[in-house]
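Enquirer: Provided herewith is a single structure, encoded as structure tokens, for subsequent inquiry.
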Amino acid sequence: MDTGGEDRQAKSLKTTRVLANSLINSLQANDSVALIEYNDDVKVLSDWTNNKTQLTEIVNKKLNFGKRSKFVDANLPCPKLSVIAPNDLIHYGKKFTFTAKIEGINSNNINYFWKINTGKIIDGQGTPVLEMTGDPGSTVIATVEIKGLSESCPKFASNAANLATWCPPNVIKLAEYNLLLPKIFKSQLDGMFIELNNNTSATGYIFDRFKSNTSASLIQQKVNQTLNYMQIRKIPIERIKLFVAIDDKSLTELWIKPAGADAPPFEDVTNPIEINPQNDKKELAKIFAAKPKKSQQKSNHKN
């Protein structure tokens with residue numbers, strides 16, 4: 001009796017019992033039956049006998065579904081196993097993943113067990129995707145064992161990922177302030193300029209948030225004053241990136257991004273717009289176009 005569980009839509013334990021009992025009940029006086037069950041293993045449940053009561057009890061109480069059928073396994077080719085690793089050098093502190101890939105078999109009844117030679121598993125043990133971190137300069141080898149395949153098939157696959165020997169620097173928030181528009185905080189900007197002079201590979205970020213009711217002329221004046229002060233201090237335009245956005249508050253943020261660091265996380269703003277100093281009026285037009293009209297503001301406020 002095939003009690004493998006790989007195709008329960010086509011066969012069920014109830015159906016198997018009904019068919020087996022029907023066969024037992026049809027036995028003649030001189031007929032004998034032996035019961036063999038095959039799923040994850042092959043088991044002899046009863047030797048040859050014509051004892052219908054004994055056979056019926058075995059069928060009703062001892063049959064159990066397994067995960068796969070040994071007879072099915074014998075007819076299936078072995079699947080192709082592989083592990084997909086990150087292609088690029090991984091920075092220390094960054095999470096990365098290994099992914100087990102199985103080709104040529106339905107993977108619904110497959111179990112995954114991961115082992116690594118170094119590092120720390122964050123998530124994914126028992127699943128096809130392993131998330132982890134590693135140590136600087138290390139080579140991480142991840143090996144997955146696939147459980148649920150035929151005993152004659154390969155069950156292991158591995159791959160490796162390399163981690164950089166250095167830690168990437170963090171972006172630095174220098175200041176955050178709110179001044180009456182269109183004023184600029186020259187001493188704070190001077191602090192940023194000093195940092196840029198001390199670190200010639202760094203980039204400065206100026207992020208201005210404006211309330212939705214701020215007039216276009218005030219925004220334009222603020223941007224122009226910032227750009228003019230950069231010229232006075234002889235700060236090259238390419239050393240600083242200027243971003244503006246409409247927000248629920250007026251605020252200026254100053255950031256320093258060392259080489260290799262991520263860009264500043266402008267929180268709670270969906271689409272900040274970078275101002276091109278060579279064409280700032282055109283860029284600002286995008287901001288003004290996105291601003292709600294006064295009538296819309298009043299309507300939204302009422303709603």
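Identifiers in this document derive from the order of the structure tokens: chains are assigned A, B, ..., residues are numbered from 1 separately in each chain, and ligands are numbered from 1 in order of occurrence.
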So which residues of range 54-295 of chain A fall under strand (DSSP E or B) by DSSP, listed as a PyMOL selection string?

Expert: chain A and resi 80-84+90+96-103+111-116+120-123+129-133+139-147+156-163+172-177+203-211+240-247+251-257+273-275

Enquirer: Which residues come within 12 Å of Ala20 in chain A, counting only C-alpha atoms, excluding same-chain residues fewer than 6 positions away, as a list in words?

Expert: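 What passes the distance filter is Met1, Asp2, Thr3, Leu13, Lys14, Ser26, Leu27, Val33, Ala34, Leu35, Ile36, Glu37, Lys52, Leu55, Thr56, Glu57, Ile58, Val59, Asn60 and Leu63 of chain A.
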
Enquirer: Output all heavy atoms for every residue in the selection just made, as a short mmCIF file (atom, residue, chain, number, x, y, z; two decimals), in the first residue's frame.

Expert:
```cif
data_model
loop_
_atom_site.label_atom_id
_atom_site.label_comp_id
_atom_site.auth_asym_id
_atom_site.auth_seq_id
_atom_site.Cartn_x
_atom_site.Cartn_y
_atom_site.Cartn_z
N MET A 1 0.84 -1.19 0.00
CA MET A 1 0.00 0.00 0.00
C MET A 1 0.88 1.25 0.00
O MET A 1 1.78 1.39 0.83
CB MET A 1 -0.92 0.00 1.23
CG MET A 1 -1.97 -1.11 1.20
SD MET A 1 -2.90 -1.21 2.74
CE MET A 1 -1.65 -1.93 3.82
N ASP A 2 0.61 2.14 -0.94
CA ASP A 2 1.38 3.38 -1.08
C ASP A 2 0.78 4.44 -0.16
O ASP A 2 -0.31 4.94 -0.39
CB ASP A 2 1.34 3.84 -2.54
CG ASP A 2 2.14 5.11 -2.76
OD1 ASP A 2 2.73 5.63 -1.79
OD2 ASP A 2 2.18 5.58 -3.91
N THR A 3 1.50 4.78 0.91
CA THR A 3 1.05 5.82 1.84
C THR A 3 2.01 7.00 1.86
O THR A 3 2.14 7.70 2.86
CB THR A 3 0.87 5.25 3.26
OG1 THR A 3 2.10 4.62 3.66
CG2 THR A 3 -0.26 4.24 3.31
N LEU A 13 -5.44 8.67 3.02
CA LEU A 13 -5.38 7.51 3.91
C LEU A 13 -6.75 6.83 3.98
O LEU A 13 -6.84 5.60 4.02
CB LEU A 13 -4.93 7.98 5.30
CG LEU A 13 -4.33 6.90 6.22
CD1 LEU A 13 -3.14 6.23 5.56
CD2 LEU A 13 -3.93 7.51 7.55
N LYS A 14 -7.80 7.63 3.96
CA LYS A 14 -9.15 7.07 4.00
C LYS A 14 -9.43 6.21 2.77
O LYS A 14 -9.96 5.08 2.88
CB LYS A 14 -10.18 8.20 4.09
CG LYS A 14 -11.61 7.71 4.14
CD LYS A 14 -12.58 8.89 4.23
CE LYS A 14 -14.02 8.41 4.25
NZ LYS A 14 -14.98 9.55 4.33
N SER A 26 -13.17 -9.41 0.19
CA SER A 26 -13.45 -10.24 -0.99
C SER A 26 -12.64 -11.54 -1.01
O SER A 26 -12.76 -12.34 -1.95
CB SER A 26 -13.18 -9.44 -2.26
OG SER A 26 -11.79 -9.18 -2.40
N LEU A 27 -11.80 -11.75 0.01
CA LEU A 27 -10.97 -12.94 0.04
C LEU A 27 -11.82 -14.21 0.17
O LEU A 27 -12.79 -14.25 0.93
CB LEU A 27 -9.97 -12.88 1.20
CG LEU A 27 -8.88 -11.79 1.14
CD1 LEU A 27 -8.04 -11.82 2.41
CD2 LEU A 27 -8.00 -11.99 -0.09
N VAL A 33 -3.26 -12.97 2.09
CA VAL A 33 -2.77 -11.62 1.76
C VAL A 33 -1.64 -11.25 2.71
O VAL A 33 -1.70 -11.56 3.90
CB VAL A 33 -3.90 -10.58 1.88
CG1 VAL A 33 -3.35 -9.16 1.78
CG2 VAL A 33 -4.93 -10.78 0.78
N ALA A 34 -0.62 -10.60 2.17
CA ALA A 34 0.44 -9.99 2.98
C ALA A 34 0.32 -8.47 2.82
O ALA A 34 0.07 -7.98 1.71
CB ALA A 34 1.81 -10.47 2.55
N LEU A 35 0.49 -7.74 3.90
CA LEU A 35 0.35 -6.27 3.86
C LEU A 35 1.73 -5.61 3.95
O LEU A 35 2.48 -5.85 4.90
CB LEU A 35 -0.52 -5.78 5.02
CG LEU A 35 -1.98 -6.24 5.02
CD1 LEU A 35 -2.72 -5.64 6.23
CD2 LEU A 35 -2.68 -5.84 3.73
N ILE A 36 2.03 -4.79 2.95
CA ILE A 36 3.29 -4.02 2.93
C ILE A 36 2.93 -2.54 2.74
O ILE A 36 2.16 -2.18 1.85
CB ILE A 36 4.21 -4.48 1.79
CG1 ILE A 36 4.58 -5.95 1.97
CG2 ILE A 36 5.47 -3.61 1.75
CD1 ILE A 36 5.42 -6.49 0.83
N GLU A 37 3.48 -1.70 3.59
CA GLU A 37 3.27 -0.25 3.51
C GLU A 37 4.58 0.41 3.09
O GLU A 37 5.64 0.10 3.61
CB GLU A 37 2.83 0.29 4.87
CG GLU A 37 2.70 1.81 4.93
CD GLU A 37 2.43 2.30 6.35
OE1 GLU A 37 3.25 2.00 7.24
OE2 GLU A 37 1.41 2.98 6.55
N LYS A 52 -9.08 -12.39 8.21
CA LYS A 52 -9.65 -11.11 7.80
C LYS A 52 -9.72 -10.12 8.97
O LYS A 52 -9.49 -8.91 8.80
CB LYS A 52 -11.04 -11.31 7.21
CG LYS A 52 -11.05 -12.08 5.90
CD LYS A 52 -12.47 -12.16 5.35
CE LYS A 52 -12.51 -12.93 4.03
NZ LYS A 52 -13.88 -12.97 3.46
N LEU A 55 -6.26 -8.67 9.53
CA LEU A 55 -5.88 -7.78 8.43
C LEU A 55 -6.64 -6.45 8.51
O LEU A 55 -6.07 -5.37 8.31
CB LEU A 55 -6.15 -8.46 7.10
CG LEU A 55 -5.26 -9.66 6.76
CD1 LEU A 55 -5.79 -10.39 5.53
CD2 LEU A 55 -3.82 -9.21 6.53
N THR A 56 -7.94 -6.53 8.82
CA THR A 56 -8.75 -5.31 8.91
C THR A 56 -8.26 -4.41 10.04
O THR A 56 -8.20 -3.18 9.90
CB THR A 56 -10.23 -5.68 9.13
OG1 THR A 56 -10.69 -6.47 8.04
CG2 THR A 56 -11.09 -4.43 9.25
N GLU A 57 -7.91 -5.01 11.17
CA GLU A 57 -7.42 -4.22 12.30
C GLU A 57 -6.11 -3.51 11.96
O GLU A 57 -5.91 -2.35 12.32
CB GLU A 57 -7.22 -5.14 13.51
CG GLU A 57 -6.79 -4.37 14.76
CD GLU A 57 -6.66 -5.28 15.98
OE1 GLU A 57 -6.90 -6.50 15.85
OE2 GLU A 57 -6.32 -4.75 17.05
N ILE A 58 -5.23 -4.20 11.24
CA ILE A 58 -3.96 -3.58 10.83
C ILE A 58 -4.21 -2.40 9.90
O ILE A 58 -3.64 -1.32 10.04
CB ILE A 58 -3.05 -4.63 10.16
CG1 ILE A 58 -2.58 -5.65 11.20
CG2 ILE A 58 -1.85 -3.95 9.50
CD1 ILE A 58 -1.82 -6.82 10.60
N VAL A 59 -5.09 -2.60 8.93
CA VAL A 59 -5.39 -1.54 7.96
C VAL A 59 -5.99 -0.32 8.65
O VAL A 59 -5.65 0.84 8.35
CB VAL A 59 -6.34 -2.06 6.87
CG1 VAL A 59 -6.88 -0.90 6.03
CG2 VAL A 59 -5.62 -3.06 5.98
N ASN A 60 -6.87 -0.54 9.61
CA ASN A 60 -7.58 0.57 10.26
C ASN A 60 -6.75 1.28 11.32
O ASN A 60 -7.00 2.45 11.62
CB ASN A 60 -8.88 0.06 10.89
CG ASN A 60 -9.90 -0.36 9.84
OD1 ASN A 60 -9.85 0.11 8.70
ND2 ASN A 60 -10.81 -1.24 10.22
N LEU A 63 -1.92 1.93 9.55
CA LEU A 63 -1.50 2.68 8.37
C LEU A 63 -1.22 4.13 8.75
O LEU A 63 -1.99 4.76 9.47
CB LEU A 63 -2.57 2.64 7.28
CG LEU A 63 -2.75 1.34 6.50
CD1 LEU A 63 -3.72 1.56 5.36
CD2 LEU A 63 -1.42 0.84 5.96
#
```

Enquirer: Rank A:Pro128, A:Gly260, A:Pro236, A:Pro182 by their smallest atom-to-atom distance to Ala202 in chain A, using only C-alpha atoms, and report the top residue only.

Expert: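 With only C-alpha atoms as the atom set, the closest residue is A:Gly260.
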
Enquirer: Among range 104-209 of chain A, which residues carry a DSSP assignment of alpha helix (DSSP H), reported as a list in words?

Expert: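 Output for range 104-209 of chain A, alpha helix (DSSP H) only: Lys186, Ser187, Gln188, Leu189, Asp190, Gly191, Met192, Phe193, Ile194, Glu195, Leu196, Asn197 and Asn198 of chain A.
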